[in-house]
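Okay, structure first, notes after.
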Amino acid sequence: MNAVIDAGLRDNRNVPPSNSQALLEIRDLRIEYRGRYESVVAVPNVSLTIAPGESYGLVGESGCGKTTTAMAVMGYLGSTGRVTAGSIRFEGEEIVGASAEKLRTIRGRRVAMVYQEPMSALNPVKTIGAQLAEVPMRHLGASKAEAREMCANMLDNVRLPDPVAMLKRFPHQLSGGQQQRIVIAMALLARPALLLLDEPTTGLDVTVEAAILDLIADLRKQYGTSLLYISHNLGLIASACDRVGIMYSGEMIEEADTQTLFRQPRHPYSQGLLDCIPGIGSPKGARALSPIPGHLPSPAERSQGCWFGPRCAHFKQDTCGVDAVKLAVAGREDHLVRCVRWQDLTRESVALNSDVAVTTERRTALSVNDVSKQYLLNGGRRIVQANESVSFEVARGEIMALVGESGCGKSTLARMLVGLEEATSGSVQYAGVELAHVPARKRVRDMLKSIQMVFQNPDSTLNPSHAVATPIRRALRKFGGYKDKAAIEQRLQELLQLVRLPAELAQRRPSQLSGGQKQRIAIARAFATNPSLIVADEPVSALDVSVQAAVITLLLAIQKEQQNTLLFISHDLALVRHIADRIVVMYLGRIMEKGLAEEIFAPPYHPYTEALLSAVHSPDASVKQQERIRLSGETPSPINVPPGCRFASRCHRKIGDVCDTVAPPVRHASATHEIACHISLDELRTMRAVFQQGTLGGNLA
Amino acid sequence: MSSIDPGLVPLAVRTARAPRRAWTRIFSSPTAVVGLSLIVFWVVLAVLAPLLPLPSPTAQDAMAMADPTPSAAHWLGTDILGRDILSRLIFGARTVLVVAPLSVAVAMVAGIVLGMLAGYFGGWIETIVDRFSDLVLAFPVLILYVILIANVGASVVNIVIATTIASAPGIGRIVRGLVLDLKQQEYVAAARLRAESTLYIIVCELLPNCRGPLLVDACLRIGYTIITIGVLGFLGLGLPPPNPDWGGMVRETTTVINVWPLMSIAPSVAIVSLVLGFNLLADGMREAWKP
């Protein structure tokens, strides 16, 4: 039924039914997956058009059907997926129902795809050269020698060093970022007209991500390739795309050019998505995150009327809850929104969090002194230096953030604090007790009880064989001094209320909970023992943005109420800016910079901090970013690290050999702000701020 | 803080169909159902054996010895000593269906203990368990059985012991592999942070998550053990006569296989059907529990 309505709507807009201008035209596409027992309509109805040379961003949370749509364009839906209605026209030719032969001439040749996991897109037993050469040989009829040359040129274009040597290597000899460059090179070798990018940078570190994005933008300019860019990262889409479509539960709910959509989102869901992303430009407490309640409905859960209705603050039963909602033109001709009430809605300014932190006397809760952690490999011949001479202090009731890319040793440090690892040297003192060399099983009860941890991965944080309340009950029995069942149950209910979960969830298995619900249970488990220090290791990085905001808001609310000390580990700088009082920036096991949050986000920066900030893509149009700094290469291996500055091999401000050979001095920019760098403070102070936001300039100074 | 987020309640409780229990899911696999039927068929016969109107499995019918082919009195005929084949098959099933699962159960316990020790603690314990496993696994299993049984004599207990020694290392390998992965899970770290004992972590946190692969493996192993018991019987190392024993039945009749093939074929088919039953059930479980 939707199909008819949408088609009619388009006719009203006098758009010719077959747009000869379009490179890709998807109309009323319906995709079903047929299981053994039931059929699932993954994508009920999607229409979109990409013009030649255009970059189109498809955004949505996991499970909204964006990847399925892209797979349909490639003509590959697996053995269970089927296009049951609608059409996909590529360069005027129909892809739906096309013969396998026909698809072969299009796939790889005219349309190419870059997948999320570069390692699984490359054949591990063939050299890079052999895999790349297949493309021109198969699609362009090139000879072996010609193909070699084309491949070497293309590797040069994707800025891989020493292309000829690279051709002889195997995929496992390359880093993740290099692999993704190879996959992009492979996709571009046949000079496709359309490149599908499915979360091409999701598994990569921010500095590597930024470099890949620049590369894609440059190549697009060079070859005039159109892009269909799929991502859940709004900031990334904002900077990489001309037009954006937002999908929700298999439907397009809003589509407009990037400027319009990010400045004037019309659909409550689009507005919600933007509101639940912490802004990199605003300091702690400047604005509250406003999470979208609930979760993305599965195809079986779609409600009557508007599918976003159950989560929408503006839902009205009589207007929204009856008929399926159609796409309507909102203001401009090319701005479509699937909301009946869009005209009545004004985007509410997000409530300001007026609470000013209570300044009480700072009393040190946790002090980490000169902690190092080494792992010996091969009987000690190789040393992994996970942490080296890490020192910092956290005051009671404070939120301290540990920031850094993967492999910087932040998780190892967290595990040492809670007692899952032992430090090789150094001291960790909590409440006057030395903990660095005391593993969890040797710690006294009171100490175990007062330091608890929230883990990263919602799928592994709860035992799939137990009811989700089991670990909470165990913790209460062990630490709470609760002896009889009734008292435990009552406290359990209180804890579930604390994390805002309904009581009946307690008896369920983890497989019946969503990711956000599992993380809430994990938070309840950590708080069950009334800890005074919570170590949270990337607690929301695996969650969708709308859920992420809800979980963070919850964690902060509990922390604020109970005045626990929180050590928050993250790679997300915007999030850290939103929550932290103090920040420690780590790179390859060492602290590069530490200070109050506002000191970290303003000059003087450590060059690494500067690069990290510069790599952030903000969807907030009011945030102005200075020229981007791009680091070359990737975090080197922590095995047998050289003396000198750890960051020297990638530093864009490297001053000479001294960086490679001599460990950098710690420079005190203020009583609280330390930078470990050979560059003098005076020079560091002359750096320009990475972010500038008119209204906040005063605050930053 | 104390109230439940109003927008959250109706949605927090996911309305999606709850995953069906693992056991009921097995019945949706045709493979498993066929396998299970074969097993149930033999179990029912074995249980009801004394109640069925069958001649005694050890009674010799002198009349039938002249013509041991099937007749109204002996549906599958008799063996060369005039004993009813159908009766011997059904009573033979009683032995097999007790000895095979019992052997595997004991081997499972031993294998789980070995695998858990090696996987969870690592270090020198793992080295010792691994070397021991290598030793047993490298030894030709049949020769191992023959040596063991020939030396200590054929009895149910000895067959169980032999199976345990031969199977435990393999089961241990499976458990160790599973535990190496499972012990890295965050819920294990969380358990350590609430001072759970090592025993609790192994038994309550790790073991339940091994049960899927272990059940599949147990089914396959019961099948193999039935074959092994048959082979031992065929080699004359099975339960001592006149107990009905499928392998022994084949052995006793091989000399006349050209004249009366049914005497050997009937027990062979019995072995095949039961082994097939367990293998199909294992396949079906694997299919039904596929993540």
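A note on labels: chains of the structure tokens are A, B, ... as shown, every chain counts residues from 1, and ligands are counted from 1 in their shown order.
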**Message:** Taking the DSSP secondary structure from the backbone, can you list the residues of stretch 401-595 of chain A that are alpha helix (DSSP H), as a ChimeraX atom specification?
**Reply:** /A:410-418,445-450,470-479,485-498,515-527,545-562,573-579
**Message:** Give me, as a list in words, all polymer residues having an atom no more than 7 Å from stretch 213-217 of chain B, counting only C-alpha atoms and skipping those fewer than 2 positions away in the same chain.
**Reply:** Cys210, Arg211, Cys219, Leu220, Arg221, Ala282, Met285 and Arg286 of chain B
Keeping N, CA and C atoms, export the residues of the selection given above as a PDB file, in the first residue's frame.
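Below is the file that was written, again.pdb:
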ATOM      1  N   CYS B 210      29.494 -24.542  27.693  1.00  0.00           N
ATOM      2  CA  CYS B 210      30.117 -25.592  26.876  1.00  0.00           C
ATOM      3  C   CYS B 210      29.088 -26.642  26.469  1.00  0.00           C
ATOM      4  N   ARG B 211      27.884 -26.572  27.032  1.00  0.00           N
ATOM      5  CA  ARG B 211      27.004 -27.740  26.919  1.00  0.00           C
ATOM      6  C   ARG B 211      26.588 -28.032  25.484  1.00  0.00           C
ATOM      7  N   CYS B 219      26.838 -37.273  21.638  1.00  0.00           N
ATOM      8  CA  CYS B 219      26.013 -38.085  20.740  1.00  0.00           C
ATOM      9  C   CYS B 219      26.881 -38.831  19.730  1.00  0.00           C
ATOM     10  N   LEU B 220      27.804 -38.090  19.115  1.00  0.00           N
ATOM     11  CA  LEU B 220      28.688 -38.727  18.138  1.00  0.00           C
ATOM     12  C   LEU B 220      29.505 -39.826  18.810  1.00  0.00           C
ATOM     13  N   ARG B 221      29.978 -39.521  20.019  1.00  0.00           N
ATOM     14  CA  ARG B 221      30.829 -40.494  20.708  1.00  0.00           C
ATOM     15  C   ARG B 221      30.064 -41.747  21.091  1.00  0.00           C
ATOM     16  N   ALA B 282      23.005 -35.921  16.422  1.00  0.00           N
ATOM     17  CA  ALA B 282      24.085 -34.953  16.609  1.00  0.00           C
ATOM     18  C   ALA B 282      24.036 -33.878  15.516  1.00  0.00           C
ATOM     19  N   MET B 285      21.113 -31.567  16.167  1.00  0.00           N
ATOM     20  CA  MET B 285      21.350 -30.621  17.262  1.00  0.00           C
ATOM     21  C   MET B 285      22.228 -29.475  16.794  1.00  0.00           C
ATOM     22  N   ARG B 286      23.259 -29.850  16.035  1.00  0.00           N
ATOM     23  CA  ARG B 286      24.176 -28.822  15.556  1.00  0.00           C
ATOM     24  C   ARG B 286      23.432 -27.812  14.691  1.00  0.00           C
TER      25      ARG B 286
END
Counting only C-alpha atoms, give me one row per residue of chain A with an atom at most 8 Å from an atom of chain B, showing the shortest contact pair and its distance in Å to one decimal, sorted by chain then residue number, as JSON lines.
{"residue": "A:Pro293", "atom": "CA", "partner": "B:Leu8", "partner_atom": "CA", "distance": 5.4}
{"residue": "A:Gly294", "atom": "CA", "partner": "B:Leu8", "partner_atom": "CA", "distance": 5.1}
{"residue": "A:His295", "atom": "CA", "partner": "B:Leu11", "partner_atom": "CA", "distance": 7.0}
{"residue": "A:Ser298", "atom": "CA", "partner": "B:Ala16", "partner_atom": "CA", "distance": 7.4}
{"residue": "A:Ala300", "atom": "CA", "partner": "B:Ala16", "partner_atom": "CA", "distance": 6.7}
{"residue": "A:Glu301", "atom": "CA", "partner": "B:Ala16", "partner_atom": "CA", "distance": 6.6}
{"residue": "A:Pro310", "atom": "CA", "partner": "B:Leu11", "partner_atom": "CA", "distance": 7.8}
{"residue": "A:Arg311", "atom": "CA", "partner": "B:Gly7", "partner_atom": "CA", "distance": 6.8}
{"residue": "A:Val418", "atom": "CA", "partner": "B:Leu193", "partner_atom": "CA", "distance": 7.4}
{"residue": "A:Gly419", "atom": "CA", "partner": "B:Leu193", "partner_atom": "CA", "distance": 7.8}
{"residue": "A:Leu420", "atom": "CA", "partner": "B:Ala189", "partner_atom": "CA", "distance": 7.1}
{"residue": "A:Ala440", "atom": "CA", "partner": "B:Leu193", "partner_atom": "CA", "distance": 6.2}
{"residue": "A:Arg441", "atom": "CA", "partner": "B:Ala195", "partner_atom": "CA", "distance": 6.3}
{"residue": "A:Arg445", "atom": "CA", "partner": "B:Ala195", "partner_atom": "CA", "distance": 7.6}
{"residue": "A:Leu448", "atom": "CA", "partner": "B:Leu193", "partner_atom": "CA", "distance": 6.3}
{"residue": "A:Lys449", "atom": "CA", "partner": "B:Arg194", "partner_atom": "CA", "distance": 7.2}
{"residue": "A:Gln452", "atom": "CA", "partner": "B:Leu193", "partner_atom": "CA", "distance": 7.0}
{"residue": "A:Met453", "atom": "CA", "partner": "B:Ala190", "partner_atom": "CA", "distance": 7.5}
{"residue": "A:Phe455", "atom": "CA", "partner": "B:Glu186", "partner_atom": "CA", "distance": 6.6}
{"residue": "A:Asn457", "atom": "CA", "partner": "B:Glu186", "partner_atom": "CA", "distance": 7.6}
{"residue": "A:Ser460", "atom": "CA", "partner": "B:Glu186", "partner_atom": "CA", "distance": 5.4}
{"residue": "A:Thr461", "atom": "CA", "partner": "B:Glu186", "partner_atom": "CA", "distance": 4.7}
{"residue": "A:Leu462", "atom": "CA", "partner": "B:Tyr187", "partner_atom": "CA", "distance": 5.2}
{"residue": "A:Asn463", "atom": "CA", "partner": "B:Tyr187", "partner_atom": "CA", "distance": 5.8}
{"residue": "A:Pro464", "atom": "CA", "partner": "B:Asn209", "partner_atom": "CA", "distance": 7.4}
{"residue": "A:Ser465", "atom": "CA", "partner": "B:Pro208", "partner_atom": "CA", "distance": 6.2}
{"residue": "A:Pro471", "atom": "CA", "partner": "B:Ala191", "partner_atom": "CA", "distance": 7.6}
{"residue": "A:Ala475", "atom": "CA", "partner": "B:Arg194", "partner_atom": "CA", "distance": 6.0}
{"residue": "A:Lys478", "atom": "CA", "partner": "B:Arg194", "partner_atom": "CA", "distance": 7.3}
{"residue": "A:Phe479", "atom": "CA", "partner": "B:Arg194", "partner_atom": "CA", "distance": 7.8}
{"residue": "A:Glu494", "atom": "CA", "partner": "B:Ser2", "partner_atom": "CA", "distance": 7.8}
{"residue": "A:Gln497", "atom": "CA", "partner": "B:Ser2", "partner_atom": "CA", "distance": 5.9}
{"residue": "A:Leu498", "atom": "CA", "partner": "B:Ser2", "partner_atom": "CA", "distance": 6.2}
{"residue": "A:Arg500", "atom": "CA", "partner": "B:Ile4", "partner_atom": "CA", "distance": 4.9}
{"residue": "A:Leu501", "atom": "CA", "partner": "B:Ile4", "partner_atom": "CA", "distance": 6.8}
{"residue": "A:Pro502", "atom": "CA", "partner": "B:Val9", "partner_atom": "CA", "distance": 6.6}
{"residue": "A:Leu505", "atom": "CA", "partner": "B:Val13", "partner_atom": "CA", "distance": 7.1}
{"residue": "A:Gln512", "atom": "CA", "partner": "B:Ala18", "partner_atom": "CA", "distance": 6.6}
{"residue": "A:Leu513", "atom": "CA", "partner": "B:Arg14", "partner_atom": "CA", "distance": 7.2}
{"residue": "A:Gln517", "atom": "CA", "partner": "B:Ala12", "partner_atom": "CA", "distance": 7.6}
**Item:** Distance in Å - atom CA of B:Pro55 versus atom CA of B:His74
**Value:** 8.5 Å
**Request:** Would you list the contacts of A:Pro52 as a ChimeraX atom specification, taking every protein, DNA or RNA residue within 10 Å and counting only C-alpha atoms, but skipping same-chain residues closer than 2 positions in sequence?
**Result:** /A:21-24,49-50,54-55,91,193-194,224-227
Preceding selection exported with N, CA and C atoms as a PDB file, in the first residue's frame:
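Writing the result to part-v3.pdb gives the following:
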ATOM      1  N   GLN A  21      18.724  11.510 -15.974  1.00  0.00           N
ATOM      2  CA  GLN A  21      19.923  12.088 -15.391  1.00  0.00           C
ATOM      3  C   GLN A  21      20.556  11.182 -14.345  1.00  0.00           C
ATOM      4  N   ALA A  22      19.716  10.387 -13.707  1.00  0.00           N
ATOM      5  CA  ALA A  22      20.187   9.667 -12.530  1.00  0.00           C
ATOM      6  C   ALA A  22      21.150   8.552 -12.905  1.00  0.00           C
ATOM      7  N   LEU A  23      22.150   8.365 -12.071  1.00  0.00           N
ATOM      8  CA  LEU A  23      23.060   7.240 -12.242  1.00  0.00           C
ATOM      9  C   LEU A  23      22.437   5.996 -11.632  1.00  0.00           C
ATOM     10  N   LEU A  24      21.916   6.180 -10.442  1.00  0.00           N
ATOM     11  CA  LEU A  24      21.244   5.078  -9.750  1.00  0.00           C
ATOM     12  C   LEU A  24      19.876   5.565  -9.320  1.00  0.00           C
ATOM     13  N   THR A  49      17.702   8.384  -5.282  1.00  0.00           N
ATOM     14  CA  THR A  49      18.319   8.641  -6.570  1.00  0.00           C
ATOM     15  C   THR A  49      19.699   9.232  -6.340  1.00  0.00           C
ATOM     16  N   ILE A  50      20.659   8.762  -7.108  1.00  0.00           N
ATOM     17  CA  ILE A  50      21.995   9.342  -7.019  1.00  0.00           C
ATOM     18  C   ILE A  50      22.381   9.850  -8.398  1.00  0.00           C
ATOM     19  N   GLU A  54      27.618  12.447  -7.643  1.00  0.00           N
ATOM     20  CA  GLU A  54      27.083  12.851  -6.352  1.00  0.00           C
ATOM     21  C   GLU A  54      27.534  11.897  -5.238  1.00  0.00           C
ATOM     22  N   SER A  55      27.577  12.430  -4.031  1.00  0.00           N
ATOM     23  CA  SER A  55      27.877  11.593  -2.873  1.00  0.00           C
ATOM     24  C   SER A  55      26.648  11.578  -1.981  1.00  0.00           C
ATOM     25  N   GLU A  91      22.333   3.282 -14.443  1.00  0.00           N
ATOM     26  CA  GLU A  91      22.602   3.792 -15.791  1.00  0.00           C
ATOM     27  C   GLU A  91      21.464   3.413 -16.726  1.00  0.00           C
ATOM     28  N   ALA A 193      31.443   3.645 -11.968  1.00  0.00           N
ATOM     29  CA  ALA A 193      30.701   4.897 -11.928  1.00  0.00           C
ATOM     30  C   ALA A 193      30.143   5.132 -10.533  1.00  0.00           C
ATOM     31  N   LEU A 194      29.928   4.023  -9.800  1.00  0.00           N
ATOM     32  CA  LEU A 194      29.328   4.146  -8.474  1.00  0.00           C
ATOM     33  C   LEU A 194      30.112   3.298  -7.485  1.00  0.00           C
ATOM     34  N   GLY A 224      35.607  11.347 -10.478  1.00  0.00           N
ATOM     35  CA  GLY A 224      34.209  11.680 -10.673  1.00  0.00           C
ATOM     36  C   GLY A 224      33.262  10.551 -10.320  1.00  0.00           C
ATOM     37  N   THR A 225      33.693   9.680  -9.428  1.00  0.00           N
ATOM     38  CA  THR A 225      32.851   8.551  -9.027  1.00  0.00           C
ATOM     39  C   THR A 225      31.727   9.028  -8.117  1.00  0.00           C
ATOM     40  N   SER A 226      30.542   8.446  -8.310  1.00  0.00           N
ATOM     41  CA  SER A 226      29.452   8.715  -7.367  1.00  0.00           C
ATOM     42  C   SER A 226      29.625   7.811  -6.159  1.00  0.00           C
ATOM     43  N   LEU A 227      29.176   8.293  -5.013  1.00  0.00           N
ATOM     44  CA  LEU A 227      29.312   7.479  -3.799  1.00  0.00           C
ATOM     45  C   LEU A 227      27.960   7.238  -3.155  1.00  0.00           C
TER      46      LEU A 227
END
